[in-house]
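A quick write-up on the structure given underneath.
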Amino acid sequence: MELNEAKETFIQAWGNLGSSWGINRTMAQVHALLLVSKDSLSSDEIMEALDISRGNANMNIRALIEWGLVFKENKVGERREYFYGEKDVWRIMQKIIEQRKKKELNPIVYLLDDLSQVENKNDEVSEFLSVIQDIQYFALKTDKVLDKLVNKDPNWIVNLLLKAV
């Protein structure tokens, strides 16, 4: 397999994985392209490489910048902006975890907190609160585990995984 074919295969596969992270395919493909590009790329180069519109490219680049996965670079003598992707796989995973927590876990934790305030105690309310509290317990434990993953040194996690295996 030649390099260009391998890059294209990677970009397509990463794009498909994007939906598992809660992002659209194009956003993941832009990230993949910048991840495997040796040099930073302009939005025009991204548009051409992925055959996407200017609006689509700009919207996804901005989203990736917000996620902390892509960074802007200004080159001396150039008016265009250039972009490059985070290359540290551990930092990429940390950013994805942080964003997924913010979009998915945090809202459910807040909702469960509100739901646990049901009044008028009776058997039906007690049963409801029991279920809500069980889910809330699991969500809070998950939140703590994810916080530890994000804030720990990658070597700690690798060692932990090796011990588990």
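Labeling convention for the structure tokens: chains A, B, ... as they appear, residues from 1 per chain, ligands from 1 in order of appearance.
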Q: Would you list the contacts of Gly18 in chain A as an NGL selection string, taking every protein, DNA or RNA residue within 10 Å and counting only C-alpha atoms, but skipping same-chain residues closer than 6 positions in sequence?
A: :A and (12 or 24-29 or 31-32)
(Q) I'd like the neighbourhood of Ile135 in chain A as a PyMOL selection string, where a residue qualifies if any of its atoms comes within 12 Å (using only C-alpha atoms), though same-chain residues fewer than 3 positions away should be ignored. (A) chain A and resi 105+108-109+111-113+115-116+128-132+138-142
Would you export the selected residues with N, CA and C atoms as a JSON list (two decimals), in the first residue's frame, please?
[["chain", "number", "residue", "atom", "x", "y", "z"],
["A", 105, "LEU", "N", -22.28, 13.43, 29.78],
["A", 105, "LEU", "CA", -22.36, 13.02, 31.18],
["A", 105, "LEU", "C", -22.81, 14.16, 32.09],
["A", 108, "ILE", "N", -26.60, 14.83, 32.20],
["A", 108, "ILE", "CA", -27.39, 13.80, 32.87],
["A", 108, "ILE", "C", -27.18, 13.86, 34.39],
["A", 109, "VAL", "N", -25.97, 14.22, 34.82],
["A", 109, "VAL", "CA", -25.71, 14.37, 36.26],
["A", 109, "VAL", "C", -26.58, 15.50, 36.81],
["A", 111, "LEU", "N", -29.40, 16.67, 35.51],
["A", 111, "LEU", "CA", -30.79, 16.24, 35.42],
["A", 111, "LEU", "C", -31.15, 15.29, 36.57],
["A", 112, "LEU", "N", -30.29, 14.33, 36.84],
["A", 112, "LEU", "CA", -30.55, 13.38, 37.93],
["A", 112, "LEU", "C", -30.61, 14.09, 39.27],
["A", 113, "ASP", "N", -29.79, 15.10, 39.45],
["A", 113, "ASP", "CA", -29.82, 15.89, 40.68],
["A", 113, "ASP", "C", -31.18, 16.57, 40.83],
["A", 115, "LEU", "N", -34.00, 15.61, 39.37],
["A", 115, "LEU", "CA", -35.04, 14.59, 39.52],
["A", 115, "LEU", "C", -35.07, 14.00, 40.92],
["A", 116, "SER", "N", -33.95, 14.02, 41.62],
["A", 116, "SER", "CA", -33.92, 13.45, 42.96],
["A", 116, "SER", "C", -34.60, 14.35, 43.99],
["A", 128, "PHE", "N", -39.30, 5.43, 42.40],
["A", 128, "PHE", "CA", -38.71, 6.32, 41.41],
["A", 128, "PHE", "C", -37.35, 6.84, 41.90],
["A", 129, "LEU", "N", -37.32, 7.34, 43.14],
["A", 129, "LEU", "CA", -36.08, 7.89, 43.70],
["A", 129, "LEU", "C", -35.00, 6.83, 43.83],
["A", 130, "SER", "N", -35.39, 5.62, 44.13],
["A", 130, "SER", "CA", -34.42, 4.53, 44.24],
["A", 130, "SER", "C", -33.71, 4.31, 42.90],
["A", 131, "VAL", "N", -34.47, 4.28, 41.82],
["A", 131, "VAL", "CA", -33.90, 4.10, 40.49],
["A", 131, "VAL", "C", -33.01, 5.30, 40.12],
["A", 132, "ILE", "N", -33.51, 6.50, 40.36],
["A", 132, "ILE", "CA", -32.76, 7.72, 40.04],
["A", 132, "ILE", "C", -31.45, 7.76, 40.82],
["A", 138, "PHE", "N", -24.02, 5.68, 39.77],
["A", 138, "PHE", "CA", -23.20, 5.19, 38.66],
["A", 138, "PHE", "C", -22.63, 6.36, 37.85],
["A", 139, "ALA", "N", -23.45, 7.36, 37.55],
["A", 139, "ALA", "CA", -23.00, 8.51, 36.77],
["A", 139, "ALA", "C", -21.89, 9.27, 37.49],
["A", 140, "LEU", "N", -22.03, 9.46, 38.80],
["A", 140, "LEU", "CA", -21.01, 10.18, 39.56],
["A", 140, "LEU", "C", -19.71, 9.39, 39.65],
["A", 141, "LYS", "N", -19.80, 8.07, 39.77],
["A", 141, "LYS", "CA", -18.59, 7.23, 39.79],
["A", 141, "LYS", "C", -17.90, 7.29, 38.42],
["A", 142, "THR", "N", -18.69, 7.24, 37.36],
["A", 142, "THR", "CA", -18.15, 7.35, 36.01],
["A", 142, "THR", "C", -17.45, 8.69, 35.82]]
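Comparing A:Asp39, A:Gly68, A:Leu34, A:Asn4 by their smallest distance to Ile96 in chain A, the closest is A:Gly68 (using only C-alpha atoms).
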Q) Hey, what does DSSP flag as helix (DSSP H, G or I) within range 40-162 of chain A? Can you give it to me as a PyMOL selection string? A) chain A and resi 43-50+54-67+89-115+123-151+154-162
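Summary of the local environment: counting only C-alpha atoms, residues at most 12 Å from range 85-88 of chain A, other than itself and those fewer than 5 positions away along its chain, are Ala28, Gln29, Val30, His31, Ala32, Leu33, Leu34, Leu35, Val36, Ser37, Lys38, Asp39, Ser40, Leu41, Ile61, Leu64, Ile65, Trp67, Gly68, Leu69, Val70, Phe71, Lys72, Glu73, Met93, Gln94, Lys95, Ile96 and Pro154 of chain A.
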Keeping N, CA, C and O atoms, export the residues of the selection given above as a CSV table (one decimal), in the first residue's frame.
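Dumped to part.csv:
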chain,number,residue,atom,x,y,z
A,28,ALA,N,-14.4,14.6,11.8
A,28,ALA,CA,-13.4,13.6,12.1
A,28,ALA,C,-12.4,13.5,11.0
A,28,ALA,O,-11.2,13.2,11.2
A,29,GLN,N,-12.9,13.6,9.7
A,29,GLN,CA,-12.0,13.5,8.6
A,29,GLN,C,-11.0,14.7,8.5
A,29,GLN,O,-9.9,14.5,8.2
A,30,VAL,N,-11.5,15.9,8.8
A,30,VAL,CA,-10.6,17.0,8.9
A,30,VAL,C,-9.6,16.8,9.9
A,30,VAL,O,-8.4,17.0,9.7
A,31,HIS,N,-10.0,16.3,11.1
A,31,HIS,CA,-9.0,16.0,12.2
A,31,HIS,C,-8.0,15.0,11.7
A,31,HIS,O,-6.8,15.2,11.9
A,32,ALA,N,-8.5,13.9,11.1
A,32,ALA,CA,-7.6,12.9,10.6
A,32,ALA,C,-6.6,13.4,9.6
A,32,ALA,O,-5.4,13.1,9.6
A,33,LEU,N,-7.0,14.2,8.6
A,33,LEU,CA,-6.2,14.8,7.6
A,33,LEU,C,-5.1,15.6,8.3
A,33,LEU,O,-3.9,15.5,8.0
A,34,LEU,N,-5.4,16.5,9.3
A,34,LEU,CA,-4.5,17.3,10.0
A,34,LEU,C,-3.5,16.5,10.9
A,34,LEU,O,-2.4,16.8,11.1
A,35,LEU,N,-4.1,15.4,11.4
A,35,LEU,CA,-3.3,14.5,12.2
A,35,LEU,C,-2.2,13.8,11.4
A,35,LEU,O,-1.0,13.7,11.9
A,36,VAL,N,-2.4,13.4,10.2
A,36,VAL,CA,-1.4,12.7,9.4
A,36,VAL,C,-0.6,13.6,8.4
A,36,VAL,O,0.2,13.1,7.7
A,37,SER,N,-0.9,14.9,8.4
A,37,SER,CA,-0.2,15.8,7.6
A,37,SER,C,1.1,16.2,8.2
A,37,SER,O,1.1,16.6,9.4
A,38,LYS,N,2.1,16.2,7.4
A,38,LYS,CA,3.5,16.6,7.9
A,38,LYS,C,3.5,18.1,8.3
A,38,LYS,O,4.1,18.5,9.3
A,39,ASP,N,2.9,18.9,7.4
A,39,ASP,CA,2.9,20.3,7.5
A,39,ASP,C,1.5,20.8,7.8
A,39,ASP,O,0.5,20.1,7.6
A,40,SER,N,1.4,22.0,8.4
A,40,SER,CA,0.0,22.6,8.6
A,40,SER,C,-0.6,22.9,7.2
A,40,SER,O,0.1,23.0,6.2
A,41,LEU,N,-1.9,22.9,7.2
A,41,LEU,CA,-2.6,23.1,5.9
A,41,LEU,C,-3.6,24.3,6.0
A,41,LEU,O,-4.1,24.6,7.1
A,61,ILE,N,-13.3,23.1,11.1
A,61,ILE,CA,-12.0,23.5,11.7
A,61,ILE,C,-12.3,24.3,13.0
A,61,ILE,O,-11.6,24.1,14.0
A,64,LEU,N,-13.1,21.9,15.8
A,64,LEU,CA,-11.9,21.2,16.2
A,64,LEU,C,-11.0,22.1,17.1
A,64,LEU,O,-10.4,21.6,18.0
A,65,ILE,N,-11.0,23.4,16.7
A,65,ILE,CA,-10.2,24.3,17.5
A,65,ILE,C,-10.8,24.4,18.9
A,65,ILE,O,-10.1,24.4,19.9
A,67,TRP,N,-12.5,22.2,20.4
A,67,TRP,CA,-12.3,20.9,21.2
A,67,TRP,C,-10.8,20.8,21.6
A,67,TRP,O,-10.5,20.0,22.4
A,68,GLY,N,-9.9,21.7,21.1
A,68,GLY,CA,-8.5,21.6,21.4
A,68,GLY,C,-7.7,20.6,20.7
A,68,GLY,O,-6.7,20.2,21.1
A,69,LEU,N,-8.3,20.1,19.5
A,69,LEU,CA,-7.6,19.1,18.7
A,69,LEU,C,-6.9,19.7,17.5
A,69,LEU,O,-6.1,19.0,16.9
A,70,VAL,N,-7.2,20.9,17.2
A,70,VAL,CA,-6.6,21.6,16.0
A,70,VAL,C,-6.2,23.0,16.5
A,70,VAL,O,-6.9,23.6,17.3
A,71,PHE,N,-5.1,23.5,15.9
A,71,PHE,CA,-4.5,24.8,16.3
A,71,PHE,C,-4.2,25.6,15.0
A,71,PHE,O,-3.9,25.1,14.0
A,72,LYS,N,-4.4,26.9,15.2
A,72,LYS,CA,-4.1,27.8,14.1
A,72,LYS,C,-2.7,28.3,14.1
A,72,LYS,O,-2.1,28.4,15.2
A,73,GLU,N,-2.1,28.4,12.9
A,73,GLU,CA,-0.8,28.9,12.7
A,73,GLU,C,-0.7,30.0,11.7
A,73,GLU,O,-1.3,29.8,10.6
A,93,MET,N,-7.0,11.8,23.2
A,93,MET,CA,-8.0,11.1,24.0
A,93,MET,C,-8.5,11.9,25.2
A,93,MET,O,-9.7,11.8,25.5
A,94,GLN,N,-7.6,12.6,25.8
A,94,GLN,CA,-8.1,13.5,26.9
A,94,GLN,C,-9.1,14.5,26.5
A,94,GLN,O,-10.1,14.7,27.1
A,95,LYS,N,-8.8,15.1,25.3
A,95,LYS,CA,-9.8,16.1,24.8
A,95,LYS,C,-11.1,15.5,24.4
A,95,LYS,O,-12.2,16.1,24.7
A,96,ILE,N,-11.1,14.4,23.8
A,96,ILE,CA,-12.3,13.7,23.4
A,96,ILE,C,-13.1,13.3,24.7
A,96,ILE,O,-14.3,13.6,24.8
A,154,PRO,N,-0.1,9.5,31.3
A,154,PRO,CA,-0.4,8.3,30.5
A,154,PRO,C,0.3,7.0,30.9
A,154,PRO,O,-0.2,6.0,30.8
Q. For Glu45 in chain A, which residue among A:Tyr110, A:Trp21, A:Tyr137, A:Tyr82 is the nearest when counting only C-alpha atoms?
A.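 Nearest to Glu45 in chain A: A:Tyr82.
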Could you give me, as a PDB file with N, CA and C atoms, in the first residue's frame, each residue of range 54-125 of chain A that DSSP assigns to strand (DSSP E or B) when run on this structure's backbone?
ATOM      1  N   VAL A  70      -7.208  20.939  17.169  1.00  0.00           N
ATOM      2  CA  VAL A  70      -6.583  21.612  16.026  1.00  0.00           C
ATOM      3  C   VAL A  70      -6.178  23.009  16.477  1.00  0.00           C
ATOM      4  N   PHE A  71      -5.065  23.474  15.915  1.00  0.00           N
ATOM      5  CA  PHE A  71      -4.523  24.775  16.285  1.00  0.00           C
ATOM      6  C   PHE A  71      -4.244  25.601  15.027  1.00  0.00           C
ATOM      7  N   LYS A  72      -4.362  26.911  15.193  1.00  0.00           N
ATOM      8  CA  LYS A  72      -4.134  27.840  14.093  1.00  0.00           C
ATOM      9  C   LYS A  72      -2.673  28.260  14.101  1.00  0.00           C
ATOM     10  N   GLU A  73      -2.143  28.437  12.893  1.00  0.00           N
ATOM     11  CA  GLU A  73      -0.764  28.874  12.747  1.00  0.00           C
ATOM     12  C   GLU A  73      -0.721  29.962  11.682  1.00  0.00           C
ATOM     13  N   ASN A  74      -0.031  31.030  11.987  1.00  0.00           N
ATOM     14  CA  ASN A  74       0.199  32.081  10.999  1.00  0.00           C
ATOM     15  C   ASN A  74       1.626  31.953  10.504  1.00  0.00           C
ATOM     16  N   GLU A  81      -4.596  31.567   6.909  1.00  0.00           N
ATOM     17  CA  GLU A  81      -4.384  30.860   8.163  1.00  0.00           C
ATOM     18  C   GLU A  81      -4.084  29.404   7.837  1.00  0.00           C
ATOM     19  N   TYR A  82      -3.233  28.814   8.626  1.00  0.00           N
ATOM     20  CA  TYR A  82      -2.899  27.405   8.474  1.00  0.00           C
ATOM     21  C   TYR A  82      -3.280  26.684   9.759  1.00  0.00           C
ATOM     22  N   PHE A  83      -3.531  25.392   9.620  1.00  0.00           N
ATOM     23  CA  PHE A  83      -4.007  24.615  10.757  1.00  0.00           C
ATOM     24  C   PHE A  83      -3.222  23.314  10.869  1.00  0.00           C
ATOM     25  N   TYR A  84      -3.007  22.899  12.100  1.00  0.00           N
ATOM     26  CA  TYR A  84      -2.343  21.618  12.335  1.00  0.00           C
ATOM     27  C   TYR A  84      -3.060  20.918  13.490  1.00  0.00           C
ATOM     28  N   GLY A  85      -2.954  19.611  13.478  1.00  0.00           N
ATOM     29  CA  GLY A  85      -3.636  18.815  14.484  1.00  0.00           C
ATOM     30  C   GLY A  85      -2.722  18.429  15.630  1.00  0.00           C
TER      31      GLY A  85
END
Q. For Arg80 in chain A, which of A:Gln99, A:Asn58, A:Asn106, A:Ser42 is the closest residue, counting only C-alpha atoms?
A.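 So, comparing all the options, the nearest one is A:Ser42.
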Q: Report the distance between CA of Trp90 in chain A and CA of Asn151 in chain A in Å, rounded to one decimal place.
A: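 Computed distance, CA of Trp90 in chain A to CA of Asn151 in chain A, equals 10.9 Å.
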